[in-house]
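Asks: Just one file: data-v1.txt, with compact mmCIF, C-alpha atoms.
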# COMPACT_ATOMS: atom_id res chain seq x y z
CA MET N 1 0.00 0.00 0.00
CA GLU N 2 1.41 3.38 -1.01
CA SER N 3 1.42 6.02 1.70
CA GLU N 4 0.68 9.71 1.37
CA TYR N 5 4.13 10.30 2.85
CA PHE N 6 5.79 8.84 -0.22
CA ASP N 7 3.48 9.56 -3.15
CA TRP N 8 6.33 11.54 -4.73
CA VAL N 9 8.82 8.64 -4.72
CA ALA N 10 7.63 6.57 -7.71
CA ASP N 11 9.78 7.37 -10.79
CA PHE N 12 12.02 9.70 -8.75
CA GLU N 13 15.56 9.60 -10.16
CA LEU N 14 18.20 9.44 -7.45
CA PRO N 15 21.92 10.15 -7.90
CA VAL N 16 24.03 7.87 -5.68
CA LYS N 17 27.77 7.34 -5.35
CA LEU N 18 28.50 3.63 -4.91
CA ALA N 19 29.74 2.84 -1.42
CA LYS N 20 32.76 0.78 -2.51
CA THR N 21 34.09 2.86 -5.39
CA SER N 22 32.40 6.30 -5.17
CA THR N 23 31.33 5.76 -8.80
CA PRO N 24 28.43 8.11 -9.65
CA THR N 25 25.21 6.32 -10.60
CA ARG N 26 21.54 7.17 -11.06
CA TRP N 27 18.60 5.04 -9.92
CA GLN N 28 14.89 5.16 -10.72
CA MET N 29 12.71 4.55 -7.69
CA GLY N 30 9.67 2.29 -7.83
CA ARG N 31 6.38 2.53 -5.96
CA ILE N 32 6.52 2.32 -2.16
CA THR N 33 5.15 -1.05 -1.01
CA LYS N 34 5.80 -1.00 2.76
CA VAL N 35 5.51 1.89 5.20
CA LYS N 36 6.06 2.25 8.93
CA VAL N 37 6.08 5.32 11.17
CA ARG N 38 8.09 5.29 14.38
CA VAL N 39 9.00 7.69 17.16
CA HIS N 40 12.75 7.74 17.82
CA GLU N 41 14.39 9.06 20.96
CA ASP N 42 17.85 10.59 21.13
CA TYR N 43 19.49 11.39 24.47
CA GLU N 44 20.90 14.62 23.02
CA TYR N 45 18.22 15.90 20.63
CA GLY N 46 15.00 14.51 22.14
CA THR N 47 12.29 12.79 20.08
CA ILE N 48 11.37 12.72 16.42
CA ARG N 49 8.79 11.04 14.19
CA GLU N 50 10.14 9.30 11.10
CA ALA N 51 8.42 7.47 8.24
CA THR N 52 10.24 4.65 6.46
CA GLY N 53 9.15 3.44 3.04
CA VAL N 54 10.50 0.49 1.07
CA CYS N 55 10.54 0.23 -2.72
CA SER N 56 12.46 -1.30 -5.59
CA ALA N 57 15.05 0.68 -7.54
CA ILE N 58 16.70 0.19 -10.93
CA GLN N 59 20.08 1.55 -12.00
CA ILE N 60 19.56 3.70 -15.10
CA GLU N 61 23.03 5.28 -15.28
CA GLY N 62 26.28 3.73 -14.13
CA PRO N 63 28.40 0.61 -14.61
CA SER N 64 25.48 -1.87 -14.28
CA PRO N 65 22.38 -0.47 -16.04
CA GLY N 66 19.30 -2.52 -15.18
CA GLN N 67 20.66 -3.68 -11.81
CA GLU N 68 17.83 -4.05 -9.30
CA ALA N 69 18.09 -2.97 -5.68
CA ILE N 70 15.93 -2.28 -2.66
CA ALA N 71 15.65 1.30 -1.44
CA LYS N 72 14.67 2.40 2.05
CA VAL N 73 13.48 5.98 2.22
CA LYS N 74 13.51 7.66 5.63
CA LEU N 75 11.52 10.88 5.94
CA GLN N 76 11.56 13.28 8.88
CA LEU N 77 7.96 13.99 9.98
CA SER N 78 8.49 16.24 13.00
CA PRO N 79 11.20 18.60 14.24
CA TRP N 80 13.57 17.64 17.01
CA ASP N 81 12.78 19.06 20.45
CA ASP N 82 15.35 21.71 19.55
CA PRO N 83 14.07 22.88 16.13
CA THR N 84 17.50 24.22 15.17
CA VAL N 85 18.91 20.67 15.07
CA ASP N 86 19.19 19.21 11.56
CA ALA N 87 20.57 15.76 12.46
CA ILE N 88 19.21 12.56 10.93
CA SER N 89 17.95 9.83 13.26
CA MET N 90 20.30 7.36 14.92
CA GLU N 91 18.18 4.57 13.43
CA ALA N 92 18.99 5.75 9.91
CA ILE N 93 22.67 6.07 10.78
CA ARG N 94 22.70 2.65 12.44
CA GLU N 95 21.13 0.92 9.42
CA MET N 96 23.68 2.44 7.04
CA ASP N 97 26.60 1.67 9.35
CA ASN N 98 25.48 -1.92 9.97
CA LEU N 99 24.97 -2.62 6.28
CA ALA N 100 28.38 -1.15 5.47
CA LYS N 101 30.19 -3.10 8.22
CA LEU N 102 28.58 -6.42 7.32
CA THR N 103 29.28 -5.85 3.63
CA ASP N 104 32.93 -5.09 4.41
CA VAL N 105 33.31 -8.44 6.22
CA HIS N 106 31.53 -10.26 3.36
CA CYS N 107 28.57 -11.43 5.45
CA SER N 108 26.49 -13.69 3.21
CA SER N 109 23.38 -13.54 5.40
CA THR N 110 22.51 -9.83 5.14
CA PRO N 111 21.92 -7.52 2.14
CA ALA N 112 25.01 -5.96 0.60
CA PHE N 113 25.23 -2.18 0.99
CA ILE N 114 25.15 -0.32 -2.35
CA GLY N 115 25.06 3.34 -1.38
CA ARG N 116 23.25 6.19 0.31
CA ALA N 117 21.97 9.67 -0.43
CA HIS N 118 20.85 12.50 1.85
CA CYS N 119 18.44 15.16 0.61
CA VAL N 120 16.62 18.09 2.20
CA GLN N 121 12.82 18.36 2.11
CA GLY N 122 11.38 21.16 0.03
CA ASP N 123 8.53 23.46 1.02
CA ASP N 124 5.93 21.00 -0.31
CA LEU N 125 6.89 18.18 2.10
CA TYR N 126 6.37 17.64 5.83
CA ILE N 127 9.27 19.47 7.44
CA PRO N 128 10.81 21.99 5.01
CA GLY N 129 14.55 21.66 5.52
CA GLY N 130 14.10 18.27 7.22
CA TYR N 131 15.97 15.20 6.07
CA ILE N 132 15.26 12.54 3.49
CA VAL N 133 17.65 9.59 3.58
CA PHE N 134 17.84 6.98 0.81
CA ILE N 135 19.57 3.68 1.60
CA LEU N 136 20.25 1.36 -1.34
CA MET N 137 20.94 -2.31 -0.69
CA GLU N 138 21.08 -5.61 -2.52
CA ARG N 139 17.76 -7.04 -3.68
CA LEU N 140 17.62 -10.51 -2.16
CA PRO N 141 15.75 -13.48 -3.68
CA GLY N 142 12.77 -15.04 -1.95
CA ARG N 143 10.09 -13.73 0.38
CA ASP N 144 9.88 -12.85 4.03
CA LEU N 145 8.76 -15.45 6.55
CA GLY N 146 5.40 -13.90 7.20
CA CYS N 147 4.44 -17.02 5.21
CA PHE N 148 5.92 -19.40 7.82
CA HIS N 149 2.49 -20.70 8.88
CA GLU N 150 1.83 -21.82 5.28
CA LEU N 151 4.80 -24.20 5.23
CA SER N 152 4.72 -27.93 5.93
CA LEU N 153 6.51 -29.30 9.00
CA GLU N 154 9.37 -30.54 6.82
CA GLU N 155 9.72 -27.11 5.22
CA ARG N 156 9.60 -25.37 8.59
CA ASP N 157 12.44 -27.59 9.78
CA GLU N 158 14.48 -26.66 6.70
CA VAL N 159 13.81 -22.98 7.32
CA ARG N 160 14.87 -23.25 10.97
CA ILE N 161 18.19 -24.89 10.05
CA ALA N 162 18.84 -22.28 7.33
CA PHE N 163 17.91 -19.45 9.68
CA LEU N 164 20.22 -20.67 12.43
CA LYS N 165 23.07 -20.87 9.91
CA ALA N 166 22.39 -17.24 8.96
CA LEU N 167 22.08 -16.14 12.57
CA TRP N 168 25.27 -17.98 13.50
CA GLU N 169 27.17 -16.00 10.85
CA PHE N 170 25.49 -12.78 12.04
CA HIS N 171 26.59 -13.52 15.62
CA ARG N 172 30.11 -14.50 14.48
CA HIS N 173 30.52 -10.97 13.16
CA GLY N 174 29.51 -9.60 16.57
CA PHE N 175 25.96 -8.51 15.73
CA ASP N 176 22.62 -9.09 17.42
CA HIS N 177 19.09 -8.03 16.43
CA TRP N 178 16.59 -6.25 18.68
CA ASP N 179 13.49 -6.72 16.49
CA PRO N 180 13.30 -10.50 16.02
CA ARG N 181 10.22 -11.55 14.04
CA ARG N 182 9.30 -13.62 11.02
CA GLU N 183 8.98 -10.62 8.72
CA ASN N 184 12.63 -9.70 9.30
CA ILE N 185 13.83 -12.98 7.79
CA MET N 186 13.99 -13.56 4.03
CA TRP N 187 13.64 -17.17 2.82
CA ASP N 188 15.10 -18.09 -0.56
CA ASN N 189 13.32 -21.35 -1.30
CA ALA N 190 15.43 -22.15 -4.37
CA ALA N 191 18.77 -21.81 -2.55
CA ARG N 192 17.37 -23.04 0.80
CA LYS N 193 18.93 -20.01 2.46
CA CYS N 194 17.80 -17.35 4.95
CA TYR N 195 18.81 -13.70 5.21
CA ILE N 196 18.41 -11.29 8.13
CA LEU N 197 16.75 -7.95 7.35
CA ASP N 198 15.91 -4.56 8.87
CA LEU N 199 19.31 -3.69 10.29
CA GLU N 200 18.24 -0.38 11.83
CA ASP N 201 17.32 -2.58 14.80
CA ALA N 202 20.60 -4.50 14.83
CA GLU N 203 23.63 -3.66 16.94
CA ASP N 204 27.32 -4.40 16.63
CA LEU N 205 28.13 -5.73 20.10
CA GLU N 206 31.75 -6.32 19.07
CA ILE N 207 31.61 -9.78 20.66
CA LYS N 208 33.00 -12.14 18.04
CA GLY N 209 32.64 -15.39 19.99
CA MET N 210 29.10 -15.17 21.31
CA GLY N 211 27.22 -18.44 21.52
CA THR N 212 23.77 -19.20 20.13
CA ASP N 213 20.89 -20.76 22.05
CA PRO N 214 18.55 -22.35 19.47
CA LEU N 215 15.57 -22.56 21.83
CA TYR N 216 15.88 -18.90 22.77
CA GLU N 217 16.47 -17.68 19.21
CA LEU N 218 13.83 -19.79 17.47
CA SER N 219 11.29 -18.72 20.10
CA ALA N 220 12.28 -15.04 19.96
CA TRP N 221 12.00 -15.01 16.16
CA ASP N 222 8.62 -16.83 16.34
CA LEU N 223 9.87 -19.94 14.53
CA HIS N 224 9.12 -22.44 17.31
CA GLY N 225 5.78 -23.56 15.88
CA LYS N 226 3.43 -23.22 12.94
CA ALA N 227 1.12 -20.59 14.43
CA SER N 228 2.48 -17.23 15.53
CA ARG N 229 2.84 -17.29 19.33
CA PRO N 230 4.71 -15.44 22.08
CA ALA N 231 8.26 -16.61 22.73
CA TYR N 232 7.29 -18.02 26.14
CA ASP N 233 4.44 -20.18 24.74
CA HIS N 234 5.78 -23.68 24.08
CA VAL N 235 2.49 -25.62 24.16
CA ASP N 236 2.47 -26.38 20.42
CA ASP N 237 6.17 -26.31 19.59
CA ASP N 238 7.27 -28.35 16.59
CA PRO N 239 9.29 -31.52 17.44
CA MET N 240 12.60 -29.90 16.43
CA ILE N 241 12.36 -27.40 19.28
CA PRO N 242 14.22 -28.59 22.40
CA PRO N 243 12.49 -28.36 25.79
CA GLU N 244 13.34 -25.69 28.30
CA ARG N 245 16.11 -26.67 30.67
CA LYS N 246 18.10 -25.05 33.44
CA GLY N 247 21.13 -23.31 31.99
CA GLY N 248 19.67 -23.09 28.49
CA TRP N 249 21.01 -24.57 25.24
CA THR N 250 23.88 -22.25 24.31
CA PHE N 251 26.26 -23.73 21.73
CA TYR N 252 29.67 -22.49 20.61
CA ASP N 253 29.97 -25.05 17.81
CA ARG N 254 27.51 -24.63 14.96
CA GLU N 255 27.58 -28.23 13.76
CA GLU N 256 26.91 -29.57 17.26
CA MET N 257 23.89 -27.28 17.54
CA LEU N 258 22.46 -28.30 14.16
CA ALA N 259 23.10 -32.00 14.83
CA MET N 260 21.20 -31.80 18.12
CA LEU N 261 18.19 -30.27 16.36
CA MET N 262 18.25 -32.79 13.52
CA ARG N 263 18.36 -35.69 15.99
CA ARG N 264 15.12 -34.41 17.48
CA VAL N 265 13.47 -34.59 14.05
CA THR N 266 14.62 -38.16 13.38
CA GLN N 267 13.92 -39.62 16.84
Now that the file is in, can you turn its structure into structure tokens?

Replies:
Amino acid sequence: MESEYFDWVADFELPVKLAKTSTPTRWQMGRITKVKVRVHEDYEYGTIREATGVCSAIQIEGPSPGQEAIAKVKLQLSPWDDPTVDAISMEAIREMDNLAKLTDVHCSSTPAFIGRAHCVQGDDLYIPGGYIVFILMERLPGRDLGCFHELSLEERDEVRIAFLKALWEFHRHGFDHWDPRRENIMWDNAARKCYILDLEDAEDLEIKGMGTDPLYELSAWDLHGKASRPAYDHVDDDPMIPPERKGGWTFYDREEMLAMLMRRVTQ
């Protein structure tokens, strides 16, 4: 559904310098398909309302004409508590920084960062002089796991294994995610691979050797059963999900973790 906030985006042509090479390119924006509005708090500047829209983008000038990407458009909707402040939100900064860091370390489980652009709103938008931030990233194959309830038990087990492989890599690079939910996971059915999305809510903890608890993570991301349920509800867990136990199920060896889960399926 297109939002009134972004009715100007479709067919907008955006100049972007590629993150890796600073090569100038131009991209044509598509129609906004997802919108969310959030209130962000900053310890220094106070609070702000920000709308985020997601659309496709196509490179029309540059080294790879026709290349497809995903664009996130972040639009300032209200002034900071101090109206003289012209900073962009920490959430926008965090998403760009996280994408760039994970791309630099060749993480295969998150979108590659393509580039960014920062514009100023004109008099016909919500906050004249306010920010508009465009974040271009790799277009990933597949669909998000809002469809998880439609999958068979065998498919759900495959997804869980693929997701834990992606999350393990994410953790190995020191990152964790503070908005775990099905919609923030992309499932590529053809490659049997998962990707982790929406990195404005991720954080680089700079802990390279953190373990992974499959019961905790699968429950937090709402992958513990067919129907969507709270993380603490284990009444209808699928057989792959281990029972709660004192001390948890934290693993520091990925293959040991996956083998334990697969044994539960074949018991």

Asks: For a quick check of understanding, using all atoms listed in the file, which of N:Ile93, N:Ala202, N:Met240, N:Leu75 has the smallest distance to Gly122 (chain N)?

Replies: N:Leu75

Asks: Measuring between all atoms listed in the file, which one of N:Trp80, N:Phe134, N:Trp8, N:Phe170 shows the shortest distance to Thr52 (chain N)?

Replies: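 Checking each candidate against Thr52 (chain N), we get N:Phe134 as the closest.
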
Asks: Between N:Met257, N:Val39, N:Met210, N:Ile161, which has the minimum distance to Pro79 (chain N) (counting only C-alpha atoms)?

Replies: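 For Pro79 (chain N), the nearest of the given residues is N:Val39.
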
Asks: In terms of the shortest atom-to-atom distance over all atoms listed in the file, which of N:Leu151, N:Ala112, N:Met29, N:Leu258 is closest to Asp7 (chain N)?

Replies: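 Among the listed residues, the smallest separation from Asp7 (chain N) belongs to N:Met29.
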
Asks: How far is it from CA of Thr110 (chain N) to CA of Tyr195 (chain N), in Å with one decimal?

Replies: 5.4 Å

Asks: Considering all atoms listed in the file, return as number ranges by chain whatever protein or nucleic-acid residues lie within 9 Å of Ala71 (chain N), sequence-local ones (same chain, fewer than 3 positions apart) excluded.

Replies: N: 29-30, 53-57, 134-139

Asks: Quick one: distance from CA of Ala100 (chain N) to CA of Lys20 (chain N) in Å, one decimal?

Replies: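 CA of Lys20 (chain N) lies 9.3 Å from CA of Ala100 (chain N).
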
Asks: Taking the point (16.4, 3.3, -12.6) as given in the file, collect each protein or nucleic acid residue that comes within 8 Å of it, counting only C-alpha atoms, and present the set as an NGL selection string.

Replies: :N and (11 or 13 or 26-29 or 57-61 or 65-66)

Asks: Quick one: pull the distance between CA of Ile132 (chain N) and CA of Asp204 (chain N), Å, one decimal.

Replies: 24.6 Å

Asks: Can you tell me which residues surround region 189-191 of chain N at a distance of at most 8 Å, considering all atoms listed in the file, apart from same-chain residues fewer than 2 positions away, and format the answer as a list in words?

Replies: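 Selected residues are Gly142, Trp187 and Lys193 of chain N.
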
Asks: Selected residues, C-alpha atoms, written as a PDB file, in the frame of the given file, please.

Replies:
ATOM      1  CA  GLY N 142      12.770 -15.040  -1.950  1.00  0.00           C
ATOM      2  CA  TRP N 187      13.640 -17.170   2.820  1.00  0.00           C
ATOM      3  CA  LYS N 193      18.930 -20.010   2.460  1.00  0.00           C
TER       4      LYS N 193
END

Asks: Each side padded by 4 Å, which centre and which edge lengths in Å (one decimal) define the axis-aligned box around the listed atoms of region 163-169 of chain N? Give them as AutoDock Vina command-line options.

Replies:
--center_x 22.5 --center_y -18.4 --center_z 11.2 --size_x 17.3 --size_y 12.9 --size_z 12.5

Asks: Between N:Gly115, N:Gly174, N:Pro239, N:Gly46, which one has atoms that come closest to Val16 (chain N), using only C-alpha atoms?

Replies: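 Closest candidate: N:Gly115.
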
Asks: So which residues are close to (19.4, -21.6, 12.2), meaning at most 12 Å away in the file's coordinates with all atoms listed in the file counted, and can you show them as a ChimeraX atom specification?

Replies: /N:109,156-171,185,187,192-196,212-219,221,223-224,240-241,251,254-255,257-262

Asks: Give me the residues near Asp97 (chain N) as a VMD selection string, where near means some atom within 12 Å (using all atoms listed in the file) and where sequence neighbours in that chain fewer than 4 positions away do not count.

Replies: chain N and resid 19 90 to 93 101 to 104 112 to 116 135 199 to 204
